[in-house]
Amino acid sequence: MDREVLADYGLSWTSFSMLYDLWIEESIETKKLAELAGVTKPTVTNITKTLERKELCYRKTGVRDRRMTYVTITDKGRRVMEDLYPKFHKGEAQIVSILSVAEQKQVSALIRKVIKANDF
């Protein structure tokens with residue numbers, strides 16, 4: 001289901017994850033974006049190039065430290081996320097709908113525990 005929704009926008013899971021982070025933060029340094037997405041900086045570079053071709057984000061060099069590169073979401077990227085996220089979230093809700101509310105909370109707590117223990 002998620003793949004279908006993302007495919008309609010030509011996005012992979014990782015590119016969606018990065019675009020989501022940009023949607024929330026607006027602009028993120030590439031090292032931090034790699035950490036958030038759980039990928040390497042070269043992967044961020046490759047995905048960013050693809051997102052730039054789609055005009056969903058752009059890269060800019062740091063003002064104070066020109067060695068740093070920031071990725072910033074574009075207006076088009078925001079519009080895509082505003083359209084895409086509700087569809088994606090609906091799919092997620094359908095997937096967990098077989099669980100009771102208590103079970104959903106338990107799964108969420110367990111996932112947060114795993115993420116925290118592994119510094120994701």
# chains A, B, ... in the order shown; residues from 1 in each chain; ligands from 1
call {"tool": "select_by_dssp", "arguments": {"residues": "chain A", "states": "strand (DSSP E or B)", "output": "ChimeraX atom specification"}}
result
/A:27-29,57-61,69-73
call {"tool": "select_by_dssp", "arguments": {"residues": "region 30-91 of chain A", "states": "alpha helix (DSSP H)", "output": "ChimeraX atom specification"}}
result
/A:30-37,41-53,75-91
call {"tool": "write_last_selection", "arguments": {"atoms": "N, CA, C and O atoms", "output": "compact mmCIF listing (two decimals), in the first residue's frame"}}
result
# COMPACT_ATOMS: atom_id res chain seq x y z
N THR A 30 23.19 18.29 5.76
CA THR A 30 23.19 16.94 5.18
C THR A 30 23.60 15.85 6.17
O THR A 30 23.04 14.75 6.14
N LYS A 31 24.53 16.14 7.06
CA LYS A 31 24.93 15.13 8.04
C LYS A 31 23.76 14.77 8.95
O LYS A 31 23.50 13.60 9.23
N LYS A 32 23.04 15.78 9.41
CA LYS A 32 21.87 15.57 10.28
C LYS A 32 20.77 14.84 9.50
O LYS A 32 20.12 13.94 10.04
N LEU A 33 20.57 15.19 8.25
CA LEU A 33 19.55 14.53 7.42
C LEU A 33 19.88 13.06 7.25
O LEU A 33 19.00 12.20 7.30
N ALA A 34 21.16 12.74 7.07
CA ALA A 34 21.59 11.34 6.97
C ALA A 34 21.28 10.59 8.26
O ALA A 34 20.78 9.46 8.22
N GLU A 35 21.55 11.22 9.40
CA GLU A 35 21.26 10.59 10.69
C GLU A 35 19.76 10.34 10.86
O GLU A 35 19.35 9.26 11.29
N LEU A 36 18.95 11.33 10.52
CA LEU A 36 17.50 11.20 10.65
C LEU A 36 16.94 10.09 9.76
O LEU A 36 16.04 9.36 10.16
N ALA A 37 17.49 9.98 8.55
CA ALA A 37 17.00 8.99 7.59
C ALA A 37 17.65 7.62 7.79
O ALA A 37 17.22 6.63 7.19
N LYS A 41 25.88 9.86 4.17
CA LYS A 41 25.87 11.15 3.48
C LYS A 41 25.86 11.00 1.96
O LYS A 41 25.14 11.75 1.29
N PRO A 42 26.62 10.04 1.38
CA PRO A 42 26.53 9.86 -0.08
C PRO A 42 25.11 9.49 -0.54
O PRO A 42 24.66 9.93 -1.61
N THR A 43 24.40 8.71 0.27
CA THR A 43 23.01 8.38 -0.07
C THR A 43 22.14 9.63 -0.04
O THR A 43 21.31 9.84 -0.93
N VAL A 44 22.35 10.47 0.96
CA VAL A 44 21.62 11.74 1.03
C VAL A 44 21.90 12.56 -0.22
O VAL A 44 20.98 13.13 -0.82
N THR A 45 23.15 12.61 -0.64
CA THR A 45 23.52 13.37 -1.84
C THR A 45 22.78 12.83 -3.06
O THR A 45 22.20 13.62 -3.84
N ASN A 46 22.77 11.53 -3.24
CA ASN A 46 22.10 10.94 -4.40
C ASN A 46 20.59 11.19 -4.38
O ASN A 46 20.00 11.56 -5.40
N ILE A 47 19.98 11.00 -3.24
CA ILE A 47 18.53 11.20 -3.14
C ILE A 47 18.19 12.68 -3.30
O ILE A 47 17.21 13.04 -3.95
N THR A 48 19.01 13.53 -2.71
CA THR A 48 18.79 14.98 -2.84
C THR A 48 18.85 15.40 -4.31
O THR A 48 18.03 16.21 -4.75
N LYS A 49 19.77 14.85 -5.07
CA LYS A 49 19.85 15.17 -6.50
C LYS A 49 18.54 14.81 -7.20
O LYS A 49 18.03 15.57 -8.02
N THR A 50 18.00 13.65 -6.86
CA THR A 50 16.72 13.22 -7.45
C THR A 50 15.60 14.17 -7.03
O THR A 50 14.79 14.58 -7.87
N LEU A 51 15.54 14.50 -5.75
CA LEU A 51 14.50 15.41 -5.27
C LEU A 51 14.66 16.81 -5.88
O LEU A 51 13.66 17.48 -6.16
N GLU A 52 15.90 17.22 -6.12
CA GLU A 52 16.14 18.52 -6.78
C GLU A 52 15.62 18.50 -8.21
O GLU A 52 15.02 19.48 -8.67
N ARG A 53 15.86 17.41 -8.93
CA ARG A 53 15.35 17.30 -10.31
C ARG A 53 13.83 17.40 -10.34
O ARG A 53 13.27 17.93 -11.29
N ASP A 75 8.60 25.17 -2.16
CA ASP A 75 7.14 25.29 -2.07
C ASP A 75 6.47 24.08 -2.72
O ASP A 75 5.49 23.55 -2.20
N LYS A 76 7.01 23.63 -3.84
CA LYS A 76 6.45 22.45 -4.51
C LYS A 76 6.59 21.22 -3.60
O LYS A 76 5.67 20.41 -3.51
N GLY A 77 7.72 21.09 -2.92
CA GLY A 77 7.93 19.98 -1.99
C GLY A 77 6.91 20.01 -0.86
O GLY A 77 6.37 18.98 -0.46
N ARG A 78 6.62 21.22 -0.35
CA ARG A 78 5.60 21.36 0.70
C ARG A 78 4.23 20.93 0.19
O ARG A 78 3.49 20.22 0.88
N ARG A 79 3.89 21.36 -1.03
CA ARG A 79 2.58 20.99 -1.60
C ARG A 79 2.47 19.48 -1.78
O ARG A 79 1.43 18.89 -1.51
N VAL A 80 3.56 18.85 -2.24
CA VAL A 80 3.55 17.40 -2.41
C VAL A 80 3.31 16.72 -1.06
O VAL A 80 2.48 15.82 -0.95
N MET A 81 4.01 17.16 -0.02
CA MET A 81 3.84 16.55 1.30
C MET A 81 2.44 16.81 1.86
O MET A 81 1.85 15.93 2.49
N GLU A 82 1.91 17.99 1.62
CA GLU A 82 0.56 18.30 2.10
C GLU A 82 -0.49 17.41 1.42
O GLU A 82 -1.50 17.07 2.03
N ASP A 83 -0.23 17.01 0.20
CA ASP A 83 -1.12 16.11 -0.52
C ASP A 83 -0.83 14.65 -0.17
O ASP A 83 -1.75 13.85 0.03
N LEU A 84 0.43 14.31 -0.09
CA LEU A 84 0.85 12.92 0.10
C LEU A 84 0.66 12.42 1.53
O LEU A 84 0.18 11.30 1.73
N TYR A 85 1.03 13.21 2.52
CA TYR A 85 1.05 12.71 3.89
C TYR A 85 -0.30 12.18 4.37
O TYR A 85 -0.35 11.10 4.96
N PRO A 86 -1.42 12.87 4.13
CA PRO A 86 -2.70 12.30 4.58
C PRO A 86 -3.00 10.93 3.95
O PRO A 86 -3.52 10.04 4.63
N LYS A 87 -2.63 10.74 2.70
CA LYS A 87 -2.83 9.45 2.04
C LYS A 87 -1.94 8.39 2.67
O LYS A 87 -2.37 7.26 2.91
N PHE A 88 -0.71 8.76 2.93
CA PHE A 88 0.24 7.84 3.54
C PHE A 88 -0.22 7.46 4.95
O PHE A 88 -0.22 6.29 5.32
N HIS A 89 -0.64 8.46 5.71
CA HIS A 89 -1.09 8.22 7.08
C HIS A 89 -2.34 7.33 7.10
O HIS A 89 -2.48 6.45 7.95
N LYS A 90 -3.23 7.54 6.15
CA LYS A 90 -4.44 6.71 6.06
C LYS A 90 -4.06 5.25 5.86
O LYS A 90 -4.63 4.36 6.48
N GLY A 91 -3.07 5.01 5.01
CA GLY A 91 -2.59 3.65 4.78
C GLY A 91 -2.00 3.03 6.03
O GLY A 91 -2.24 1.86 6.34
call {"tool": "atom_distance", "arguments": {"atom1": "CA of Leu110 (chain A)", "atom2": "CA of Leu19 (chain A)"}}
result
25.4 Å
call {"tool": "residues_around", "arguments": {"residues": "Met68 (chain A)", "least_positions_apart": "3", "cutoff": "12 Å", "atoms": "only C-alpha atoms", "output": "ChimeraX atom specification"}}
result
/A:28-32,41,59-65,71
call {"tool": "write_last_selection", "arguments": {"atoms": "N, CA and C atoms", "output": "PDB file, in the first residue's frame"}}
result
ATOM      1  N   ILE A  28      17.782  21.370   6.638  1.00  0.00           N
ATOM      2  CA  ILE A  28      18.579  20.492   7.499  1.00  0.00           C
ATOM      3  C   ILE A  28      19.956  20.292   6.872  1.00  0.00           C
ATOM      4  N   GLU A  29      20.991  20.319   7.702  1.00  0.00           N
ATOM      5  CA  GLU A  29      22.352  20.046   7.239  1.00  0.00           C
ATOM      6  C   GLU A  29      22.420  18.585   6.810  1.00  0.00           C
ATOM      7  N   THR A  30      23.193  18.289   5.764  1.00  0.00           N
ATOM      8  CA  THR A  30      23.195  16.941   5.178  1.00  0.00           C
ATOM      9  C   THR A  30      23.597  15.851   6.173  1.00  0.00           C
ATOM     10  N   LYS A  31      24.534  16.136   7.060  1.00  0.00           N
ATOM     11  CA  LYS A  31      24.932  15.126   8.043  1.00  0.00           C
ATOM     12  C   LYS A  31      23.760  14.771   8.952  1.00  0.00           C
ATOM     13  N   LYS A  32      23.039  15.779   9.410  1.00  0.00           N
ATOM     14  CA  LYS A  32      21.869  15.567  10.282  1.00  0.00           C
ATOM     15  C   LYS A  32      20.766  14.836   9.505  1.00  0.00           C
ATOM     16  N   LYS A  41      25.878   9.862   4.165  1.00  0.00           N
ATOM     17  CA  LYS A  41      25.871  11.154   3.483  1.00  0.00           C
ATOM     18  C   LYS A  41      25.859  10.999   1.963  1.00  0.00           C
ATOM     19  N   ARG A  59      19.762  22.437  -2.519  1.00  0.00           N
ATOM     20  CA  ARG A  59      20.910  22.460  -1.602  1.00  0.00           C
ATOM     21  C   ARG A  59      21.515  23.856  -1.596  1.00  0.00           C
ATOM     22  N   LYS A  60      22.053  24.216  -0.433  1.00  0.00           N
ATOM     23  CA  LYS A  60      22.762  25.494  -0.334  1.00  0.00           C
ATOM     24  C   LYS A  60      23.935  25.328   0.621  1.00  0.00           C
ATOM     25  N   THR A  61      24.967  26.075   0.373  1.00  0.00           N
ATOM     26  CA  THR A  61      26.173  26.043   1.199  1.00  0.00           C
ATOM     27  C   THR A  61      25.958  26.908   2.424  1.00  0.00           C
ATOM     28  N   GLY A  62      26.532  26.486   3.552  1.00  0.00           N
ATOM     29  CA  GLY A  62      26.419  27.246   4.783  1.00  0.00           C
ATOM     30  C   GLY A  62      27.050  28.622   4.657  1.00  0.00           C
ATOM     31  N   VAL A  63      26.441  29.610   5.282  1.00  0.00           N
ATOM     32  CA  VAL A  63      26.947  30.981   5.225  1.00  0.00           C
ATOM     33  C   VAL A  63      28.203  31.121   6.076  1.00  0.00           C
ATOM     34  N   ARG A  64      28.162  30.587   7.283  1.00  0.00           N
ATOM     35  CA  ARG A  64      29.300  30.708   8.197  1.00  0.00           C
ATOM     36  C   ARG A  64      30.391  29.686   7.921  1.00  0.00           C
ATOM     37  N   ASP A  65      29.978  28.500   7.497  1.00  0.00           N
ATOM     38  CA  ASP A  65      30.941  27.432   7.226  1.00  0.00           C
ATOM     39  C   ASP A  65      30.601  26.835   5.865  1.00  0.00           C
ATOM     40  N   VAL A  71      20.015  21.203   3.053  1.00  0.00           N
ATOM     41  CA  VAL A  71      18.974  20.852   2.104  1.00  0.00           C
ATOM     42  C   VAL A  71      17.699  21.533   2.598  1.00  0.00           C
TER      43      VAL A  71
END
call {"tool": "atom_distance", "arguments": {"atom1": "CA of Tyr70 (chain A)", "atom2": "CA of Tyr58 (chain A)"}}
result
8.3 Å
call {"tool": "closest_residue", "arguments": {"among": "A:Asp8, A:Thr72, A:Glu55, A:Ala93", "to": "Ser27 (chain A)", "atoms": "only C-alpha atoms"}}
result
A:Thr72
call {"tool": "closest_residue", "arguments": {"among": "A:Ile73, A:Val114, A:Val96, A:Val39", "to": "Cys57 (chain A)", "atoms": "only C-alpha atoms"}}
result
A:Ile73
call {"tool": "atom_distance", "arguments": {"atom1": "CA of Glu103 (chain A)", "atom2": "CA of Val5 (chain A)"}}
result
25.7 Å
call {"tool": "closest_residue", "arguments": {"among": "A:Ala117, A:Ser97, A:Gly38, A:Glu4", "to": "Asp21 (chain A)", "atoms": "only C-alpha atoms"}}
result
A:Gly38
